[in-house]
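Before any comments, here is the structure.
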Amino acid sequence: GSAAAQDKILQISSGGSDIATMDAHRASSTTDKALVGWMYNGLVRFPPGSADPKDIEADLAERWESSPDSKTWTFFLRKGVKFHGNRGELTADDVVYSLMRSADPKRSSFSADFAGIESVTKVDDMTVRIALKYPDPNFLGRVTNYHGGNIVSKKAAEELGDKFGTNPVGTGPFAFAENVTQQYVKLV
């Protein structure tokens, strides 16, 4: 084919052992976390190269509001965000599902980070309201594109069940393509 049509391949070596899981809410090893970061997004994110909470910017949510007592947070989702593999468009249902899953010790390695959540509710298809039990100065950091803040496809996670960790579906810049045990994971 033409030069423009040729694949551009970036190879990255982790120097780590084999991956354990690509489930965003289970991935806790260094090797797994890097992969997850390329496949998923959070409601908000740290801009590339920053880990400073004051730099947090919009990601899946185009904007957000918090109540004066900092216990109620409302996120307004970006329209037209697509999940990988024809899994449809991101809606409030995916966000509610993902954050409740993150808060569940049976389904998440990061549930302790979400212990302060009282409820996560769908206001409408593109709006989510999160009520906290108490004001949490770190709350916005908890819903970034890191650990349990990553948003998964509800449909894919429910359909795949235990197999979701080997067939991850997110909205990130890279989609999962293939995993050859102890050799490589291919993302596109």
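Letters A, B, ... mark the chains of the structure tokens in the order given; residue numbers begin at 1 per chain; ligand numbers begin at 1, in order shown.
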
task: Tell me which protein, DNA and RNA residues are within 8 Å of region 55-63 of chain A, counting only C-alpha atoms, leaving out same-chain ones fewer than 2 positions away, and put them as a PyMOL selection string.
output: chain A and resi 41-47+50-53+65+75-78+81+140-141+144

message: With only C-alpha atoms as the counted atoms, please give the residues lying no more than 8 Å from region 172-182 of chain A, apart from itself and same-chain residues fewer than 3 positions off, as a PyMOL selection string.
response: chain A and resi 17-19+37-41+84-85+166-169+185-188

field: Members of region 27-180 of chain A assigned helix (DSSP H, G or I) by DSSP, as an MDAnalysis selection string
entry: chainID A and resid 30:39 53:55 92:102 111:114 139:142 147:149 154:166

message: My list of candidates is A:Asp124, A:Asp113, A:Glu118, A:Asp162. Which is closest to Val143 (chain A) when distances are computed with only C-alpha atoms?
response: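 Residue with the minimum atom-to-atom distance to Val143 (chain A): A:Asp113.
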
task: Might you pull out every residue within 10 Å of region 70-74 of chain A, with only C-alpha atoms counted and same-chain residues fewer than 4 positions away left off, and present them as an MDAnalysis selection string?
output: chainID A and resid 61 63:66 116:123 127:137 139:140

Write out as CSV the residues of region 76-131 of chain A that have any atom within 12 Å of an atom of region 145-158 of chain A, one row each with the nearest atom pair and its distance in Å to one decimal, counting only C-alpha atoms, sorted by chain and then rising number.
residue,atom,partner,partner_atom,distance
A:Leu77,CA,A:Ile151,CA,11.9
A:Val81,CA,A:Ser153,CA,11.4
A:Lys82,CA,A:Ser153,CA,9.7
A:Phe83,CA,A:Ser153,CA,6.8
A:His84,CA,A:Ser153,CA,8.8
A:Gly85,CA,A:Ala156,CA,9.7
A:Asn86,CA,A:Ala156,CA,10.2
A:Arg87,CA,A:Ala156,CA,7.1
A:Gly88,CA,A:Ser153,CA,8.6
A:Glu89,CA,A:Ser153,CA,9.0
A:Leu90,CA,A:Ser153,CA,7.5
A:Thr91,CA,A:Ser153,CA,9.3
A:Ala92,CA,A:Lys154,CA,10.2
A:Asp93,CA,A:Lys154,CA,7.3
A:Asp94,CA,A:Lys154,CA,5.0
A:Val95,CA,A:Ile151,CA,6.0
A:Val96,CA,A:Lys154,CA,9.0
A:Tyr97,CA,A:Lys154,CA,6.1
A:Ser98,CA,A:Ile151,CA,5.4
A:Leu99,CA,A:Gly149,CA,7.0
A:Met100,CA,A:Gly148,CA,9.8
A:Arg101,CA,A:Gly148,CA,8.5
A:Ser102,CA,A:Gly148,CA,5.1
A:Ala103,CA,A:Gly148,CA,8.0
A:Asp104,CA,A:Gly148,CA,10.2
A:Pro105,CA,A:Gly148,CA,11.2
A:Arg107,CA,A:Gly148,CA,10.4
A:Ser108,CA,A:Gly148,CA,7.3
A:Ser109,CA,A:Gly148,CA,7.9
A:Phe110,CA,A:Gly148,CA,5.6
A:Ser111,CA,A:Gly148,CA,7.5
A:Ala112,CA,A:Gly148,CA,9.8
A:Asp113,CA,A:Gly148,CA,7.8
A:Phe114,CA,A:Gly148,CA,8.2
A:Ala115,CA,A:Gly148,CA,11.7

statement: Counting only C-alpha atoms, the residue among A:Gly49, A:Tyr184, A:Val36, A:Gly80 that lies closest to Gly170 (chain A) is A:Val36
